[in-house]
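Quick look at model19.cif (mmCIF, C-alpha atoms):
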data_run
#
loop_
_atom_site.label_atom_id
_atom_site.label_comp_id
_atom_site.auth_asym_id
_atom_site.auth_seq_id
_atom_site.Cartn_x
_atom_site.Cartn_y
_atom_site.Cartn_z
CA MET I 29 0.00 0.00 0.00
CA GLU I 30 1.41 3.38 -1.07
CA SER I 31 1.50 6.17 1.50
CA HIS I 32 0.51 9.71 0.54
CA VAL I 33 1.56 11.20 3.86
CA ARG I 34 3.89 14.15 3.31
CA PRO I 35 6.89 14.61 5.56
CA HIS I 36 6.83 17.62 7.85
CA ALA I 37 9.09 20.53 7.03
CA PRO I 38 12.05 20.87 9.41
CA LEU I 39 11.37 23.11 12.41
CA TRP I 40 13.92 25.73 11.26
CA ALA I 41 12.13 25.97 7.91
CA THR I 42 8.68 26.29 9.48
CA LEU I 43 9.82 28.92 12.00
CA THR I 44 11.61 30.90 9.28
CA ALA I 45 8.90 30.61 6.63
CA THR I 46 6.15 31.65 9.06
CA PHE I 47 8.39 34.30 10.64
CA PHE I 48 8.13 32.61 14.04
CA GLY I 49 4.40 31.92 13.67
CA THR I 50 3.35 35.37 12.43
CA GLY I 51 2.07 33.77 9.22
CA LEU I 52 -0.44 31.75 11.24
CA LEU I 53 -2.33 34.90 12.29
CA ARG I 54 -5.64 35.63 10.58
CA PRO I 55 -6.95 37.35 8.60
CA ALA I 56 -4.38 38.42 5.99
CA PRO I 57 -1.22 36.61 7.15
CA GLY I 58 0.91 38.60 4.67
CA SER I 59 -0.16 41.85 6.27
CA TRP I 60 0.66 40.44 9.71
CA GLY I 61 4.12 39.45 8.45
CA SER I 62 4.68 42.94 7.04
CA ALA I 63 3.37 44.62 10.19
CA ALA I 64 5.61 42.50 12.43
CA THR I 65 8.57 43.43 10.24
CA VAL I 66 7.79 47.15 10.47
CA VAL I 67 7.44 47.00 14.26
CA LEU I 68 10.63 44.97 14.69
CA TRP I 69 12.51 47.31 12.32
CA TRP I 70 11.32 50.33 14.32
CA LEU I 71 12.48 48.67 17.56
CA LEU I 72 15.85 47.74 16.05
CA THR I 73 16.44 51.28 14.79
CA ARG I 74 16.15 52.54 18.38
CA TRP I 75 19.55 50.88 18.98
CA LEU I 76 21.16 51.54 15.59
CA ALA I 77 22.84 54.80 14.64
CA PRO I 78 21.10 56.34 11.59
CA GLY I 79 24.24 55.78 9.51
CA MET I 80 24.07 52.03 10.22
CA GLN I 81 20.39 51.62 9.36
CA PRO I 82 20.68 51.31 5.55
CA ALA I 83 23.32 48.58 5.81
CA ALA I 84 21.29 46.80 8.50
CA ALA I 85 18.12 46.90 6.37
CA MET I 86 20.00 45.55 3.35
CA LEU I 87 21.70 42.84 5.41
CA LEU I 88 18.45 41.75 7.04
CA ALA I 89 16.63 41.74 3.68
CA ALA I 90 19.42 39.65 2.14
CA LEU I 91 19.23 37.27 5.11
CA ALA I 92 15.45 36.98 4.74
CA VAL I 93 15.88 36.15 1.04
CA GLY I 94 18.84 33.83 1.50
CA VAL I 95 17.31 31.80 4.31
CA GLY I 96 13.72 32.38 3.21
CA ILE I 97 14.03 30.70 -0.19
CA PRO I 98 15.14 27.31 1.15
CA ALA I 99 12.71 27.57 4.08
CA ALA I 100 9.79 28.39 1.79
CA THR I 101 10.83 25.55 -0.52
CA GLN I 102 10.84 23.06 2.36
CA VAL I 103 7.43 24.20 3.64
CA ALA I 104 5.88 24.26 0.15
CA ARG I 105 7.11 20.73 -0.51
CA ALA I 106 5.87 19.47 2.86
CA THR I 107 2.40 20.98 2.40
CA GLY I 108 2.08 20.31 -1.32
CA LEU I 109 1.04 23.94 -1.81
CA LYS I 110 2.71 26.11 -4.47
CA ASP I 111 2.56 29.29 -2.36
CA PRO I 112 1.20 28.66 1.14
CA GLN I 113 -0.43 31.81 2.55
CA PHE I 114 1.13 31.23 5.96
CA VAL I 115 4.63 31.55 4.48
CA VAL I 116 5.42 35.22 5.18
CA ILE I 117 9.23 35.37 5.08
CA ASP I 118 8.72 36.81 1.59
CA GLU I 119 6.79 39.73 3.10
CA VAL I 120 9.58 40.21 5.62
CA ALA I 121 12.15 40.51 2.80
CA GLY I 122 9.99 42.80 0.65
CA GLN I 123 9.03 45.03 3.57
CA LEU I 124 12.67 45.46 4.61
CA ILE I 125 13.63 46.34 1.03
CA THR I 126 10.91 49.00 1.02
CA LEU I 127 12.55 50.71 4.00
CA VAL I 128 16.17 50.82 2.76
CA LEU I 129 17.59 54.37 3.05
CA ILE I 130 14.26 55.67 4.38
CA PRO I 131 14.36 57.83 7.52
CA VAL I 132 12.49 56.10 10.32
CA SER I 133 9.33 57.90 11.43
CA TRP I 134 5.79 56.72 12.02
CA LYS I 135 4.74 58.32 8.71
CA SER I 136 7.48 56.66 6.66
CA LEU I 137 6.89 53.27 8.30
CA LEU I 138 3.13 53.47 7.74
CA LEU I 139 3.53 54.62 4.14
CA GLY I 140 6.14 51.92 3.50
CA PHE I 141 3.76 49.30 4.88
CA ILE I 142 0.85 50.53 2.73
CA LEU I 143 2.93 50.82 -0.44
CA PHE I 144 4.56 47.41 -0.04
CA ARG I 145 1.25 45.66 0.70
CA GLY I 146 -0.34 47.42 -2.29
CA PHE I 147 2.43 46.44 -4.69
CA ASP I 148 2.50 42.91 -3.25
CA ILE I 149 -1.23 42.50 -3.87
CA VAL I 150 -1.38 44.19 -7.29
CA LYS I 151 1.87 42.62 -8.63
CA LEU I 152 2.69 44.99 -11.48
CA PRO I 153 4.71 43.58 -14.39
CA PRO I 154 7.15 41.91 -14.29
CA VAL I 155 6.51 40.98 -10.64
CA ARG I 156 3.63 38.61 -11.43
CA SER I 157 5.88 36.58 -13.77
CA LEU I 158 8.40 36.13 -10.93
CA GLU I 159 5.83 33.96 -9.12
CA ARG I 160 6.42 31.33 -11.82
CA LEU I 161 9.99 30.74 -10.66
CA PRO I 162 10.31 27.34 -8.98
CA GLU I 163 9.36 26.66 -5.38
CA GLY I 164 10.72 29.01 -2.70
CA THR I 165 12.40 31.21 -5.29
CA GLY I 166 9.02 32.12 -6.81
CA ILE I 167 7.45 32.54 -3.37
CA VAL I 168 10.12 35.01 -2.20
CA ILE I 169 11.38 36.82 -5.30
CA ASP I 170 8.02 38.26 -6.36
CA ASP I 171 7.88 40.06 -3.00
CA VAL I 172 11.42 41.33 -3.57
CA GLY I 173 10.06 42.88 -6.78
CA ALA I 174 7.10 44.42 -4.93
CA GLY I 175 9.53 45.77 -2.33
CA LEU I 176 11.64 47.37 -5.07
CA TYR I 177 8.55 49.11 -6.52
CA ALA I 178 7.59 50.40 -3.07
CA LEU I 179 11.18 51.48 -2.40
CA ALA I 180 11.22 53.46 -5.67
CA VAL I 181 8.00 55.28 -4.74
CA MET I 182 9.32 56.01 -1.25
CA HIS I 183 12.48 57.56 -2.69
CA ILE I 184 10.54 59.60 -5.23
CA LEU I 185 8.42 60.98 -2.38
CA LEU I 186 11.58 61.72 -0.38
CA HIS I 187 13.17 63.47 -3.37
CA PHE I 188 10.19 65.77 -3.82
CA GLY I 189 9.92 66.50 -0.11
CA LEU I 190 6.60 64.67 0.30
CA LEU I 191 8.04 62.39 2.96
CA PRO I 192 9.80 63.84 6.01
CA ARG I 193 13.55 63.24 6.26
#

Could you render the structure as structure tokens?
Amino acid sequence: MESHVRPHAPLWATLTATFFGTGLLRPAPGSWGSAATVVLWWLLTRWLAPGMQPAAAMLLAALAVGVGIPAATQVARATGLKDPQFVVIDEVAGQLITLVLIPVSWKSLLLGFILFRGFDIVKLPPVRSLERLPEGTGIVIDDVGAGLYALAVMHILLHFGLLPR
């Protein structure tokens, strides 16, 4: 008799992919993942000199992508789902990208959250096509693209003085 029971994803992969369980919150797990990222980024910036913040955001985003892709792959394989909604490490990466070189204030964090979530939901070209990449790569990289769109808008607003420095 053939078994159709899927193996569980390793604990490290589940904790990473769900951003320590944030992806299990309802409704809108992606928004919870983004919100948790914004709050944790704000807390972290309390201890980081402003000059260190851009490098820290880039390093953390790279870490989220680098560890997030294999974690998302493991969880997707274990569940049999192409893009499980509870995998939110992709939102963590995209949200951090949105905030690179952005002065930290409640207005910039809120706007960054709204812009990233909007671009993540709408998926302007070529972001939608990035979802077709295999496994965890497709899960994570499309949010990197959404984060880059949001980052561009944030910097345009900064350039024109529409976002406080």

Translate the PyMOL selection byres ((chain I and resi 174) around 8) into a concrete residue list for this structure, as a VMD selection string.
chain I and resid 122 144 147 to 148 151 to 152 155 170 to 173 175 to 178

Quick one, how far is atom CA of Leu129 of chain I from atom CA of Thr73 of chain I?
12.2 Å

Selected residue, from I:Val66, I:Leu161, I:Ala45, I:Ile125, that lies nearest to Pro112 of chain I when counting only C-alpha atoms
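Using only C-alpha atoms, the shortest distance to Pro112 of chain I belongs to I:Ala45.
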
Can you give me, as a CSV table (one decimal) with C-alpha atoms, in the frame of the given file, the residues this file yields under the PyMOL selection byres ((chain I and resi 105) around 12)?
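Once written, expr.csv looks like this:
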chain,number,residue,atom,x,y,z
I,33,VAL,CA,1.6,11.2,3.9
I,34,ARG,CA,3.9,14.2,3.3
I,35,PRO,CA,6.9,14.6,5.6
I,36,HIS,CA,6.8,17.6,7.8
I,37,ALA,CA,9.1,20.5,7.0
I,38,PRO,CA,12.0,20.9,9.4
I,41,ALA,CA,12.1,26.0,7.9
I,42,THR,CA,8.7,26.3,9.5
I,98,PRO,CA,15.1,27.3,1.2
I,99,ALA,CA,12.7,27.6,4.1
I,100,ALA,CA,9.8,28.4,1.8
I,101,THR,CA,10.8,25.6,-0.5
I,102,GLN,CA,10.8,23.1,2.4
I,103,VAL,CA,7.4,24.2,3.6
I,104,ALA,CA,5.9,24.3,0.2
I,106,ALA,CA,5.9,19.5,2.9
I,107,THR,CA,2.4,21.0,2.4
I,108,GLY,CA,2.1,20.3,-1.3
I,109,LEU,CA,1.0,23.9,-1.8
I,110,LYS,CA,2.7,26.1,-4.5
I,111,ASP,CA,2.6,29.3,-2.4
I,112,PRO,CA,1.2,28.7,1.1
I,162,PRO,CA,10.3,27.3,-9.0
I,163,GLU,CA,9.4,26.7,-5.4
I,164,GLY,CA,10.7,29.0,-2.7

Which residues, named as in the file, does the PyMOL selection byres ((chain I and resi 91) around 12) pick out? Answer as JSON, numbers by chain.
{"I": [44, 84, 85, 86, 87, 88, 89, 90, 92, 93, 94, 95, 96, 97, 98, 99, 117, 118, 120, 121, 122, 124, 125, 168]}

So how far away is atom CA of Leu186 of chain I from atom CA of Leu76 of chain I, in Å?
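For atom CA of Leu76 of chain I relative to atom CA of Leu186 of chain I, the distance reads 21.2 Å.
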
My list of candidates is I:Val150, I:Leu53, I:Leu191, I:Leu137. Which is closest to Leu71 of chain I when distances are computed with all atoms listed in the file?
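Smallest separation from Leu71 of chain I among the options: I:Leu137.
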
Kindly give the distance, in Å, that separates atom CA of Leu43 of chain I and atom CA of Val116 of chain I, rounded to a single decimal.
10.3 Å

Around all of segment 126-142 of chain I's listed atoms, make the axis-aligned box with 4 Å on each side and tell me centre and edge lengths in Å to one decimal, as AutoDock Vina command-line options.
--center_x 9.2 --center_y 53.7 --center_z 6.5 --size_x 24.7 --size_y 17.3 --size_z 19.0

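Among the candidates I:Phe141, I:Phe188, I:Ser157, I:Trp40, the residue lying nearest to Ser62 of chain I is I:Phe141 (atoms considered: all atoms listed in the file).
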
May I have the protein, DNA and RNA residues with an atom at most 12 Å from (-1.0, 35.9, 9.9), counting all atoms listed in the file in the file's coordinates, returned as a PyMOL selection string?
chain I and resi 45-64+112-117+119

Which residue gives the smallest distance to Gln81 of chain I among I:Pro131, I:Val67, I:Gln123, I:Gly140, with only C-alpha atoms counted?
I:Pro131
